[in-house]
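Undergrad: File name entry-v4.cif; file contents mmCIF, C-alpha atoms and all ligand atoms; full text below.
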data_start
loop_
_atom_site.group_PDB
_atom_site.id
_atom_site.type_symbol
_atom_site.label_atom_id
_atom_site.label_comp_id
_atom_site.auth_asym_id
_atom_site.auth_seq_id
_atom_site.Cartn_x
_atom_site.Cartn_y
_atom_site.Cartn_z
ATOM 1 C CA MET A 1 74.633 90.863 59.541
ATOM 2 C CA LYS A 2 77.786 90.692 57.416
ATOM 3 C CA LEU A 3 79.125 93.459 55.189
ATOM 4 C CA VAL A 4 81.138 92.118 52.247
ATOM 5 C CA HIS A 5 82.787 93.968 49.383
ATOM 6 C CA THR A 6 83.918 91.233 47.000
ATOM 7 C CA ILE A 7 82.121 88.573 45.004
ATOM 8 C CA GLU A 8 84.489 85.967 46.447
ATOM 9 C CA ASP A 9 83.555 86.893 50.031
ATOM 10 C CA LEU A 10 79.898 87.035 49.126
ATOM 11 C CA GLN A 11 79.962 83.569 47.612
ATOM 12 C CA ARG A 12 81.958 82.149 50.545
ATOM 13 C CA ASN A 13 79.250 83.452 52.877
ATOM 14 C CA LEU A 14 76.475 81.950 50.766
ATOM 15 C CA ALA A 15 78.074 78.527 50.195
ATOM 16 C CA GLU A 16 76.815 76.900 53.385
ATOM 17 C CA ALA A 17 73.234 78.095 52.950
ATOM 18 C CA ARG A 18 73.236 76.964 49.350
ATOM 19 C CA ALA A 19 74.633 73.528 50.263
ATOM 20 C CA LYS A 20 71.802 73.130 52.806
ATOM 21 C CA GLY A 21 69.261 73.995 50.104
ATOM 22 C CA GLU A 22 68.197 77.198 51.848
ATOM 23 C CA LYS A 23 66.378 79.838 49.817
ATOM 24 C CA ILE A 24 68.353 82.958 49.030
ATOM 25 C CA GLY A 25 66.587 86.264 48.391
ATOM 26 C CA LEU A 26 68.220 89.336 46.857
ATOM 27 C CA VAL A 27 67.186 92.975 47.178
ATOM 28 C CA PRO A 28 69.256 95.021 44.701
ATOM 29 C CA THR A 29 69.630 98.678 45.694
ATOM 30 C CA MET A 30 71.765 101.702 44.952
ATOM 31 C CA GLY A 31 71.843 102.745 48.613
ATOM 32 C CA ALA A 32 70.375 105.902 50.185
ATOM 33 C CA LEU A 33 67.837 103.530 51.626
ATOM 34 C CA HIS A 34 64.393 104.482 52.891
ATOM 35 C CA GLU A 35 61.212 102.819 54.089
ATOM 36 C CA GLY A 36 60.455 101.596 50.552
ATOM 37 C CA HIS A 37 63.659 99.535 50.576
ATOM 38 C CA ALA A 38 63.013 98.447 54.165
ATOM 39 C CA SER A 39 59.663 96.984 53.079
ATOM 40 C CA LEU A 40 61.400 94.947 50.339
ATOM 41 C CA VAL A 41 63.994 93.638 52.797
ATOM 42 C CA ARG A 42 61.352 92.702 55.380
ATOM 43 C CA ARG A 43 59.394 90.781 52.762
ATOM 44 C CA CYS A 44 62.558 89.077 51.501
ATOM 45 C CA ALA A 45 63.511 88.070 55.055
ATOM 46 C CA GLU A 46 60.024 86.612 55.624
ATOM 47 C CA GLU A 47 60.145 84.518 52.464
ATOM 48 C CA ASN A 48 63.776 83.329 52.376
ATOM 49 C CA GLU A 49 66.293 81.815 54.771
ATOM 50 C CA VAL A 50 69.008 84.212 53.619
ATOM 51 C CA THR A 51 68.519 87.850 52.625
ATOM 52 C CA VAL A 52 71.241 89.533 50.606
ATOM 53 C CA VAL A 53 71.003 93.280 49.950
ATOM 54 C CA SER A 54 73.326 94.763 47.358
ATOM 55 C CA VAL A 55 74.267 98.416 47.769
ATOM 56 C CA PHE A 56 75.913 99.570 44.574
ATOM 57 C CA LEU A 57 75.576 102.906 42.836
ATOM 58 C CA ASN A 58 75.760 101.574 39.306
ATOM 59 C CA PRO A 59 77.464 104.121 37.023
ATOM 60 C CA THR A 60 76.409 102.436 33.775
ATOM 61 C CA GLN A 61 72.716 103.218 34.278
ATOM 62 C CA PHE A 62 73.248 106.978 34.648
ATOM 63 C CA ASN A 63 73.011 108.629 31.263
ATOM 64 C CA ASP A 64 73.389 111.992 33.049
ATOM 65 C CA LYS A 65 76.702 112.088 34.956
ATOM 66 C CA LYS A 66 75.502 115.057 37.070
ATOM 67 C CA ASP A 67 72.662 112.859 38.306
ATOM 68 C CA LEU A 68 75.249 110.250 39.378
ATOM 69 C CA GLU A 69 77.388 112.877 41.137
ATOM 70 C CA LYS A 70 74.512 114.216 43.203
ATOM 71 C CA TYR A 71 73.059 110.806 44.076
ATOM 72 C CA PRO A 72 73.169 110.454 47.909
ATOM 73 C CA ARG A 73 75.777 108.036 49.351
ATOM 74 C CA THR A 74 74.970 106.852 52.877
ATOM 75 C CA LEU A 75 76.451 103.342 53.410
ATOM 76 C CA ASP A 76 76.763 103.563 57.230
ATOM 77 C CA ALA A 77 73.156 104.641 57.700
ATOM 78 C CA ASP A 78 72.083 102.052 55.094
ATOM 79 C CA CYS A 79 73.778 99.274 57.078
ATOM 80 C CA ARG A 80 72.073 100.370 60.312
ATOM 81 C CA LEU A 81 68.681 100.290 58.609
ATOM 82 C CA LEU A 82 69.392 96.929 56.942
ATOM 83 C CA GLU A 83 70.429 95.306 60.195
ATOM 84 C CA SER A 84 67.208 96.476 61.846
ATOM 85 C CA VAL A 85 64.988 94.970 59.145
ATOM 86 C CA GLY A 86 66.558 91.521 58.889
ATOM 87 C CA ALA A 87 69.229 91.585 56.167
ATOM 88 C CA ASP A 88 71.847 88.839 56.582
ATOM 89 C CA ILE A 89 74.452 89.978 54.075
ATOM 90 C CA VAL A 90 75.101 93.432 52.653
ATOM 91 C CA PHE A 91 77.078 93.274 49.429
ATOM 92 C CA ALA A 92 78.680 96.678 48.765
ATOM 93 C CA PRO A 93 81.226 96.191 45.973
ATOM 94 C CA SER A 94 83.455 98.782 44.321
ATOM 95 C CA VAL A 95 82.992 99.796 40.687
ATOM 96 C CA GLU A 96 86.195 97.830 39.845
ATOM 97 C CA GLU A 97 84.748 94.709 41.494
ATOM 98 C CA MET A 98 81.587 94.811 39.372
ATOM 99 C CA TYR A 99 83.247 96.135 36.212
ATOM 100 C CA PRO A 100 86.841 94.833 36.054
ATOM 101 C CA GLN A 101 86.538 95.536 32.334
ATOM 102 C CA PRO A 102 84.114 97.870 30.565
ATOM 103 C CA ASP A 103 80.825 96.058 30.042
ATOM 104 C CA ASN A 104 80.077 96.178 26.324
ATOM 105 C CA ARG A 105 77.009 93.960 26.450
ATOM 106 C CA LYS A 106 73.894 95.329 24.766
ATOM 107 C CA PHE A 107 70.425 94.437 26.002
ATOM 108 C CA SER A 108 67.418 95.338 23.921
ATOM 109 C CA TYR A 109 63.805 94.451 24.742
ATOM 110 C CA PRO A 110 61.565 96.754 22.733
ATOM 111 C CA PRO A 111 59.041 98.093 23.310
ATOM 112 C CA VAL A 112 59.336 97.683 27.094
ATOM 113 C CA ASP A 113 62.811 99.214 27.280
ATOM 114 C CA SER A 114 62.478 101.739 24.467
ATOM 115 C CA VAL A 115 59.423 103.773 25.547
ATOM 116 C CA MET A 116 59.072 106.300 28.391
ATOM 117 C CA GLU A 117 62.224 106.093 30.603
ATOM 118 C CA GLY A 118 63.927 104.218 27.771
ATOM 119 C CA ALA A 119 63.259 107.084 25.365
ATOM 120 C CA PHE A 120 64.147 109.890 27.802
ATOM 121 C CA ARG A 121 67.176 108.193 29.391
ATOM 122 C CA PRO A 122 69.028 106.482 26.532
ATOM 123 C CA GLY A 123 71.208 103.623 27.791
ATOM 124 C CA HIS A 124 69.591 103.624 31.239
ATOM 125 C CA PHE A 125 67.942 100.215 30.974
ATOM 126 C CA ASN A 126 71.004 98.760 29.275
ATOM 127 C CA GLY A 127 72.965 99.731 32.397
ATOM 128 C CA VAL A 128 70.252 98.300 34.659
ATOM 129 C CA CYS A 129 70.386 94.991 32.760
ATOM 130 C CA GLN A 130 74.194 94.958 32.919
ATOM 131 C CA ILE A 131 74.302 95.308 36.685
ATOM 132 C CA VAL A 132 71.253 93.217 37.536
ATOM 133 C CA SER A 133 72.518 90.322 35.371
ATOM 134 C CA LYS A 134 75.914 90.558 37.140
ATOM 135 C CA LEU A 135 74.225 90.599 40.568
ATOM 136 C CA PHE A 136 72.104 87.598 39.610
ATOM 137 C CA ALA A 137 75.261 85.771 38.485
ATOM 138 C CA ALA A 138 77.119 86.676 41.704
ATOM 139 C CA VAL A 139 74.314 85.838 44.156
ATOM 140 C CA ALA A 140 72.292 83.245 42.178
ATOM 141 C CA PRO A 141 69.203 84.151 44.210
ATOM 142 C CA ASP A 142 66.004 82.088 44.243
ATOM 143 C CA ARG A 143 63.977 85.298 44.460
ATOM 144 C CA ALA A 144 64.723 88.950 43.755
ATOM 145 C CA TYR A 145 62.629 91.849 45.080
ATOM 146 C CA PHE A 146 61.979 95.126 43.264
ATOM 147 C CA GLY A 147 59.767 98.100 44.117
ATOM 148 C CA GLU A 148 56.831 98.825 41.824
ATOM 149 C CA LYS A 149 57.692 102.518 41.894
ATOM 150 C CA ASP A 150 60.082 101.648 39.076
ATOM 151 C CA PHE A 151 57.234 100.073 37.170
ATOM 152 C CA GLN A 152 58.991 99.973 33.799
ATOM 153 C CA GLN A 153 62.233 98.659 35.317
ATOM 154 C CA ILE A 154 60.431 95.549 36.552
ATOM 155 C CA ALA A 155 59.054 94.865 33.053
ATOM 156 C CA VAL A 156 62.559 95.221 31.575
ATOM 157 C CA ILE A 157 64.101 92.929 34.199
ATOM 158 C CA ARG A 158 61.402 90.318 33.594
ATOM 159 C CA ALA A 159 62.170 90.475 29.852
ATOM 160 C CA MET A 160 65.890 90.032 30.528
ATOM 161 C CA VAL A 161 65.342 87.091 32.895
ATOM 162 C CA GLU A 162 63.188 85.394 30.284
ATOM 163 C CA ASP A 163 65.672 86.135 27.501
ATOM 164 C CA LEU A 164 68.696 84.829 29.436
ATOM 165 C CA HIS A 165 66.787 81.920 31.050
ATOM 166 C CA ILE A 166 67.862 83.044 34.496
ATOM 167 C CA GLU A 167 66.280 80.908 37.203
ATOM 168 C CA VAL A 168 65.035 83.569 39.576
ATOM 169 C CA GLU A 169 61.565 84.576 40.651
ATOM 170 C CA ILE A 170 61.014 88.310 40.252
ATOM 171 C CA ILE A 171 58.809 89.656 43.033
ATOM 172 C CA SER A 172 57.351 93.125 42.607
ATOM 173 C CA CYS A 173 56.352 94.933 45.780
ATOM 174 C CA PRO A 174 53.911 97.848 46.242
ATOM 175 C CA VAL A 175 55.034 101.477 46.215
ATOM 176 C CA VAL A 176 55.599 102.875 49.695
ATOM 177 C CA ARG A 177 54.438 106.493 50.048
ATOM 178 C CA GLU A 178 55.139 109.344 52.400
ATOM 179 C CA GLN A 179 52.117 110.593 54.366
ATOM 180 C CA SER A 180 51.604 113.250 51.702
ATOM 181 C CA GLY A 181 51.285 110.564 49.007
ATOM 182 C CA LEU A 182 54.712 111.269 47.483
ATOM 183 C CA ALA A 183 56.269 107.970 46.369
ATOM 184 C CA MET A 184 59.347 107.227 48.484
ATOM 185 C CA SER A 185 62.557 107.628 46.541
ATOM 186 C CA SER A 186 66.225 108.130 47.390
ATOM 187 C CA ARG A 187 66.002 111.299 45.309
ATOM 188 C CA ASN A 188 63.434 112.816 47.716
ATOM 189 C CA THR A 189 66.293 113.641 50.117
ATOM 190 C CA LEU A 190 67.532 116.102 47.478
ATOM 191 C CA LEU A 191 64.278 118.099 47.715
ATOM 192 C CA THR A 192 63.801 121.007 50.124
ATOM 193 C CA ASP A 193 60.791 120.779 52.479
ATOM 194 C CA GLY A 194 58.924 123.186 50.211
ATOM 195 C CA GLU A 195 59.711 121.145 47.103
ATOM 196 C CA ARG A 196 58.644 117.977 48.881
ATOM 197 C CA ALA A 197 55.258 119.550 49.582
ATOM 198 C CA ILE A 198 54.965 120.618 45.950
ATOM 199 C CA ALA A 199 55.974 117.141 44.762
ATOM 200 C CA ALA A 200 53.068 115.636 46.705
ATOM 201 C CA ASN A 201 50.810 117.100 43.989
ATOM 202 C CA ILE A 202 52.045 114.408 41.618
ATOM 203 C CA PHE A 203 50.214 111.608 43.372
ATOM 204 C CA GLY A 204 47.353 113.952 44.300
ATOM 205 C CA VAL A 205 46.666 114.742 40.636
ATOM 206 C CA LEU A 206 47.121 111.105 39.581
ATOM 207 C CA MET A 207 44.520 110.062 42.159
ATOM 208 C CA LYS A 208 42.092 112.794 41.013
ATOM 209 C CA SER A 209 42.593 111.650 37.438
ATOM 210 C CA LYS A 210 41.041 108.286 38.316
ATOM 211 C CA ASN A 211 37.715 110.042 38.962
ATOM 212 C CA PHE A 212 38.196 112.339 35.994
ATOM 213 C CA ALA A 213 38.826 109.282 33.792
ATOM 214 C CA SER A 214 35.388 107.823 34.435
ATOM 215 C CA GLY A 215 33.708 110.685 32.531
ATOM 216 C CA HIS A 216 36.400 111.478 29.962
ATOM 217 C CA THR A 217 38.371 109.943 27.140
ATOM 218 C CA LEU A 218 41.875 108.622 27.608
ATOM 219 C CA ASN A 219 43.371 111.561 25.719
ATOM 220 C CA GLU A 220 41.377 114.079 27.811
ATOM 221 C CA THR A 221 42.624 112.366 30.967
ATOM 222 C CA ARG A 222 46.204 112.522 29.784
ATOM 223 C CA ARG A 223 45.807 116.250 29.058
ATOM 224 C CA TYR A 224 44.154 116.791 32.479
ATOM 225 C CA VAL A 225 47.121 115.277 34.328
ATOM 226 C CA ILE A 226 49.753 117.146 32.311
ATOM 227 C CA ASP A 227 47.971 120.516 32.511
ATOM 228 C CA SER A 228 47.119 120.208 36.231
ATOM 229 C CA LEU A 229 50.723 119.419 37.165
ATOM 230 C CA ASN A 230 52.291 121.991 34.871
ATOM 231 C CA ALA A 231 50.024 124.592 36.526
ATOM 232 C CA VAL A 232 51.796 123.962 39.855
ATOM 233 C CA ILE A 233 54.785 126.323 40.204
ATOM 234 C CA GLY A 234 57.912 124.209 40.634
ATOM 235 C CA LEU A 235 56.695 121.200 38.661
ATOM 236 C CA GLU A 236 57.215 120.369 35.001
ATOM 237 C CA VAL A 237 55.952 117.158 33.439
ATOM 238 C CA GLN A 238 58.500 115.416 31.215
ATOM 239 C CA TYR A 239 56.025 112.808 29.998
ATOM 240 C CA PHE A 240 52.783 111.180 31.024
ATOM 241 C CA SER A 241 51.957 108.029 29.091
ATOM 242 C CA ILE A 242 48.889 105.875 29.533
ATOM 243 C CA VAL A 243 50.008 102.372 28.607
ATOM 244 C CA ASP A 244 49.129 98.709 28.638
ATOM 245 C CA GLY A 245 50.480 97.394 31.957
ATOM 246 C CA GLU A 246 52.265 94.472 30.322
ATOM 247 C CA THR A 247 53.503 95.581 26.895
ATOM 248 C CA LEU A 248 53.893 99.261 27.954
ATOM 249 C CA GLN A 249 52.494 100.254 24.553
ATOM 250 C CA GLU A 250 50.775 103.649 24.577
ATOM 251 C CA LEU A 251 46.964 103.392 24.384
ATOM 252 C CA GLU A 252 44.384 105.556 22.589
ATOM 253 C CA GLU A 253 41.110 104.384 24.176
ATOM 254 C CA TRP A 254 40.079 103.019 27.586
ATOM 255 C CA THR A 255 38.732 99.966 25.771
ATOM 256 C CA ASP A 256 42.158 99.131 24.272
ATOM 257 C CA SER A 257 43.251 97.067 27.308
ATOM 258 C CA ASP A 258 42.094 95.536 30.618
ATOM 259 C CA ASP A 259 45.350 96.468 32.302
ATOM 260 C CA ILE A 260 45.941 100.234 32.102
ATOM 261 C CA VAL A 261 48.635 102.206 33.878
ATOM 262 C CA GLY A 262 49.521 105.905 33.677
ATOM 263 C CA CYS A 263 53.283 106.468 34.017
ATOM 264 C CA ILE A 264 54.663 109.896 34.763
ATOM 265 C CA THR A 265 57.977 111.690 35.141
ATOM 266 C CA VAL A 266 58.038 115.182 36.586
ATOM 267 C CA PHE A 267 60.865 117.642 37.231
ATOM 268 C CA CYS A 268 60.572 119.275 40.633
ATOM 269 C CA GLY A 269 62.296 122.368 41.993
ATOM 270 C CA SER A 270 65.193 124.491 40.843
ATOM 271 C CA GLN A 271 67.937 121.796 40.612
ATOM 272 C CA PRO A 272 65.629 120.151 39.253
ATOM 273 C CA ILE A 273 64.991 116.650 40.676
ATOM 274 C CA ARG A 274 63.434 114.052 38.393
ATOM 275 C CA LEU A 275 60.598 112.118 40.061
ATOM 276 C CA ILE A 276 58.644 109.168 38.697
ATOM 277 C CA ASP A 277 55.320 107.679 39.712
ATOM 278 C CA HIS A 278 52.411 105.755 38.216
ATOM 279 C CA ILE A 279 48.733 105.050 38.713
ATOM 280 C CA ARG A 280 46.647 102.038 37.776
ATOM 281 C CA TYR A 281 43.377 102.893 35.984
ATOM 282 C CA LYS A 282 42.247 99.290 35.427
HETATM 283 O O1 LIG A 301 66.165 100.324 41.238
HETATM 284 C C1 LIG A 301 67.361 100.506 41.529
HETATM 285 O O2 LIG A 301 67.693 100.971 42.614
HETATM 286 C C2 LIG A 301 68.428 100.133 40.516
HETATM 287 O O3 LIG A 301 68.019 100.411 39.223
HETATM 288 C C3 LIG A 301 68.901 98.674 40.647
HETATM 289 C C4 LIG A 301 67.793 97.697 40.327
HETATM 290 C C5 LIG A 301 69.411 98.440 42.060
HETATM 291 C C6 LIG A 301 70.049 98.424 39.674
HETATM 292 O O4 LIG A 301 71.126 99.265 39.921
#
Written as structure tokens, how would this file's structure read?
TA:
Amino acid sequence: MKLVHTIEDLQRNLAEARAKGEKIGLVPTMGALHEGHASLVRRCAEENEVTVVSVFLNPTQFNDKKDLEKYPRTLDADCRLLESVGADIVFAPSVEEMYPQPDNRKFSYPPVDSVMEGAFRPGHFNGVCQIVSKLFAAVAPDRAYFGEKDFQQIAVIRAMVEDLHIEVEIISCPVVREQSGLAMSSRNTLLTDGERAIAANIFGVLMKSKNFASGHTLNETRRYVIDSLNAVIGLEVQYFSIVDGETLQELEEWTDSDDIVGCITVFCGSQPIRLIDHIRYK
């Protein structure tokens, strides 16, 4: 496995594979890797001759600078994990390498980027599009792998790829969960053991809401999830939206769509840590 820090080095290492017509897969990450990332890398390595993993804590997608400061940075451990799961190239550039000049590009794909995370984290998806478009330009991957935990992010990236006519196949991969049901996230390392146990209620309540939904209206189900989680000391729901899985438009009735997903963001603990998850109803 090679660790490279510049786009020039990255492209030099990819030139031979590209000339031979080998498939190149990319797993974009911000580091602090866990089993969820490992599953993306394993899948990428199975489906492509070359697996590139980018490790870059992208400042432009953090609307809250404190969130950026406390984000875990663990490049050495990340490299050990990546080597063990079949990555060929780790691309870990500096901020200056990715942003030699301020990136003033504006991406806008309403409603998918303006609802939910888009509404609560202004500028977040613009930053995601800035960095992901730069990574796609640097690597020119045949396939790129993203975790479904960031359900809305995948919809935004698909919209950007379509808009910019980028030739890459976006592959979304299932959420990987801890034994407790808590969706794996780099942010989980910021939780104490007690908070982690409390956070497991998020998926627990979402799962219970699937049964609840069969005898109740959509609005009653939404209320059930919000009230049940807010009743747990240490949790506070920021939003819970039940949306169409493709357009991400908020729904009123179960009959409004055949593809229904509940998306939630919850604050956990005293810091607090912001956790996201989702559940498919249909
Ligand atoms: O999902 C993430 O970790 C990030 O948003 C991504 C896609 C690597 C862009 O920085």
Undergrad: What residues come out when you apply the PyMOL selection byres (((chain A and resi 188-192) around 10) and not hetatm) to this file, written as a PyMOL selection string?
TA: chain A and resi 32+34+70-72+182-187+193-199+268-275
Undergrad: Which polymer residues have any atom within 7 Å of an atom of range 46-58 of chain A, counting all atoms listed in the file, with same-chain residues fewer than 2 positions away left out, as a PDB file with C-alpha atoms, keeping the file's coordinate frame?
TA:
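Dumped to result-v8.pdb:
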ATOM      1  CA  GLU A  22      68.197  77.198  51.848  1.00  0.00           C
ATOM      2  CA  LYS A  23      66.378  79.838  49.817  1.00  0.00           C
ATOM      3  CA  ILE A  24      68.353  82.958  49.030  1.00  0.00           C
ATOM      4  CA  GLY A  25      66.587  86.264  48.391  1.00  0.00           C
ATOM      5  CA  LEU A  26      68.220  89.336  46.857  1.00  0.00           C
ATOM      6  CA  VAL A  27      67.186  92.975  47.178  1.00  0.00           C
ATOM      7  CA  PRO A  28      69.256  95.021  44.701  1.00  0.00           C
ATOM      8  CA  THR A  29      69.630  98.678  45.694  1.00  0.00           C
ATOM      9  CA  MET A  30      71.765 101.702  44.952  1.00  0.00           C
ATOM     10  CA  GLY A  31      71.843 102.745  48.613  1.00  0.00           C
ATOM     11  CA  ARG A  42      61.352  92.702  55.380  1.00  0.00           C
ATOM     12  CA  ARG A  43      59.394  90.781  52.762  1.00  0.00           C
ATOM     13  CA  CYS A  44      62.558  89.077  51.501  1.00  0.00           C
ATOM     14  CA  THR A  60      76.409 102.436  33.775  1.00  0.00           C
ATOM     15  CA  GLN A  61      72.716 103.218  34.278  1.00  0.00           C
ATOM     16  CA  ALA A  87      69.229  91.585  56.167  1.00  0.00           C
ATOM     17  CA  ASP A  88      71.847  88.839  56.582  1.00  0.00           C
ATOM     18  CA  ILE A  89      74.452  89.978  54.075  1.00  0.00           C
ATOM     19  CA  VAL A  90      75.101  93.432  52.653  1.00  0.00           C
ATOM     20  CA  PHE A  91      77.078  93.274  49.429  1.00  0.00           C
ATOM     21  CA  ALA A  92      78.680  96.678  48.765  1.00  0.00           C
ATOM     22  CA  PRO A  93      81.226  96.191  45.973  1.00  0.00           C
ATOM     23  CA  ILE A 131      74.302  95.308  36.685  1.00  0.00           C
TER      24      ILE A 131
END
Undergrad: May I ask for the distance between CA of Ser133 in chain A and CA of Ala159 in chain A, given in Å to one decimal place?
TA: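 Rounded to one decimal, the two atoms are 11.7 Å apart.
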Undergrad: As lines of an AutoDock Vina configuration file, please report the centre and edge lengths, rounded to one decimal in Å, of the axis-aligned box that holds all listed atoms of ligand LIG 301 (chain A) with 4 Å of padding on each of the six sides.
TA:
center_x = 68.6
center_y = 99.3
center_z = 40.9
size_x = 13.0
size_y = 11.3
size_z = 11.4
Undergrad: State, in Å with one decimal place, the distance from CA of Val128 in chain A to atom C4 of ligand LIG 301 (chain A).
TA: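 Separating CA of Val128 in chain A from atom C4 of ligand LIG 301 (chain A) is a distance of 6.2 Å.
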Undergrad: Please, can range 145-152 of chain A be completed to all heavy atoms and returned as a compact mmCIF listing (two decimals), in the coordinates of the input?
TA:
# COMPACT_ATOMS: atom_id res chain seq x y z
N TYR A 145 63.72 90.94 44.71
CA TYR A 145 62.63 91.85 45.08
C TYR A 145 62.89 93.26 44.53
O TYR A 145 63.96 93.82 44.74
CB TYR A 145 62.52 91.90 46.62
CG TYR A 145 62.13 90.55 47.18
CD1 TYR A 145 63.08 89.53 47.28
CD2 TYR A 145 60.83 90.28 47.56
CE1 TYR A 145 62.72 88.27 47.76
CE2 TYR A 145 60.47 89.02 48.04
CZ TYR A 145 61.42 88.02 48.13
OH TYR A 145 61.07 86.78 48.59
N PHE A 146 61.87 93.78 43.85
CA PHE A 146 61.98 95.13 43.26
C PHE A 146 60.73 95.93 43.61
O PHE A 146 59.62 95.38 43.65
CB PHE A 146 62.10 95.04 41.74
CG PHE A 146 63.36 94.36 41.28
CD1 PHE A 146 63.39 92.99 41.09
CD2 PHE A 146 64.52 95.09 41.05
CE1 PHE A 146 64.56 92.34 40.68
CE2 PHE A 146 65.69 94.46 40.65
CZ PHE A 146 65.71 93.09 40.46
N GLY A 147 60.91 97.23 43.80
CA GLY A 147 59.77 98.10 44.12
C GLY A 147 59.01 98.49 42.85
O GLY A 147 59.62 98.79 41.83
N GLU A 148 57.69 98.48 42.98
CA GLU A 148 56.83 98.82 41.82
C GLU A 148 56.90 100.30 41.45
O GLU A 148 56.36 100.70 40.42
CB GLU A 148 55.37 98.49 42.13
CG GLU A 148 54.94 97.17 41.56
CD GLU A 148 53.60 96.72 42.12
OE1 GLU A 148 52.77 97.59 42.44
OE2 GLU A 148 53.42 95.50 42.25
N LYS A 149 57.55 101.11 42.28
CA LYS A 149 57.69 102.52 41.89
C LYS A 149 58.37 102.58 40.52
O LYS A 149 57.98 103.34 39.66
CB LYS A 149 58.50 103.31 42.91
CG LYS A 149 58.53 104.78 42.56
CD LYS A 149 59.26 105.61 43.55
CE LYS A 149 60.74 105.54 43.33
NZ LYS A 149 61.21 106.22 42.10
N ASP A 150 59.39 101.72 40.37
CA ASP A 150 60.08 101.65 39.08
C ASP A 150 59.36 100.61 38.21
O ASP A 150 59.89 99.53 37.93
CB ASP A 150 61.55 101.29 39.30
CG ASP A 150 62.26 102.38 40.07
OD1 ASP A 150 62.28 103.52 39.59
OD2 ASP A 150 62.75 102.10 41.18
N PHE A 151 58.15 100.99 37.84
CA PHE A 151 57.23 100.07 37.17
C PHE A 151 57.85 99.51 35.88
O PHE A 151 57.82 98.32 35.62
CB PHE A 151 55.96 100.88 36.87
CG PHE A 151 54.88 100.08 36.23
CD1 PHE A 151 54.13 99.20 36.98
CD2 PHE A 151 54.62 100.20 34.87
CE1 PHE A 151 53.14 98.44 36.39
CE2 PHE A 151 53.63 99.45 34.28
CZ PHE A 151 52.89 98.57 35.04
N GLN A 152 58.43 100.41 35.09
CA GLN A 152 58.99 99.97 33.80
C GLN A 152 60.23 99.11 34.01
O GLN A 152 60.46 98.14 33.28
CB GLN A 152 59.35 101.21 32.96
CG GLN A 152 59.76 100.87 31.55
CD GLN A 152 59.96 102.10 30.68
OE1 GLN A 152 59.89 103.23 31.18
NE2 GLN A 152 60.22 101.90 29.41
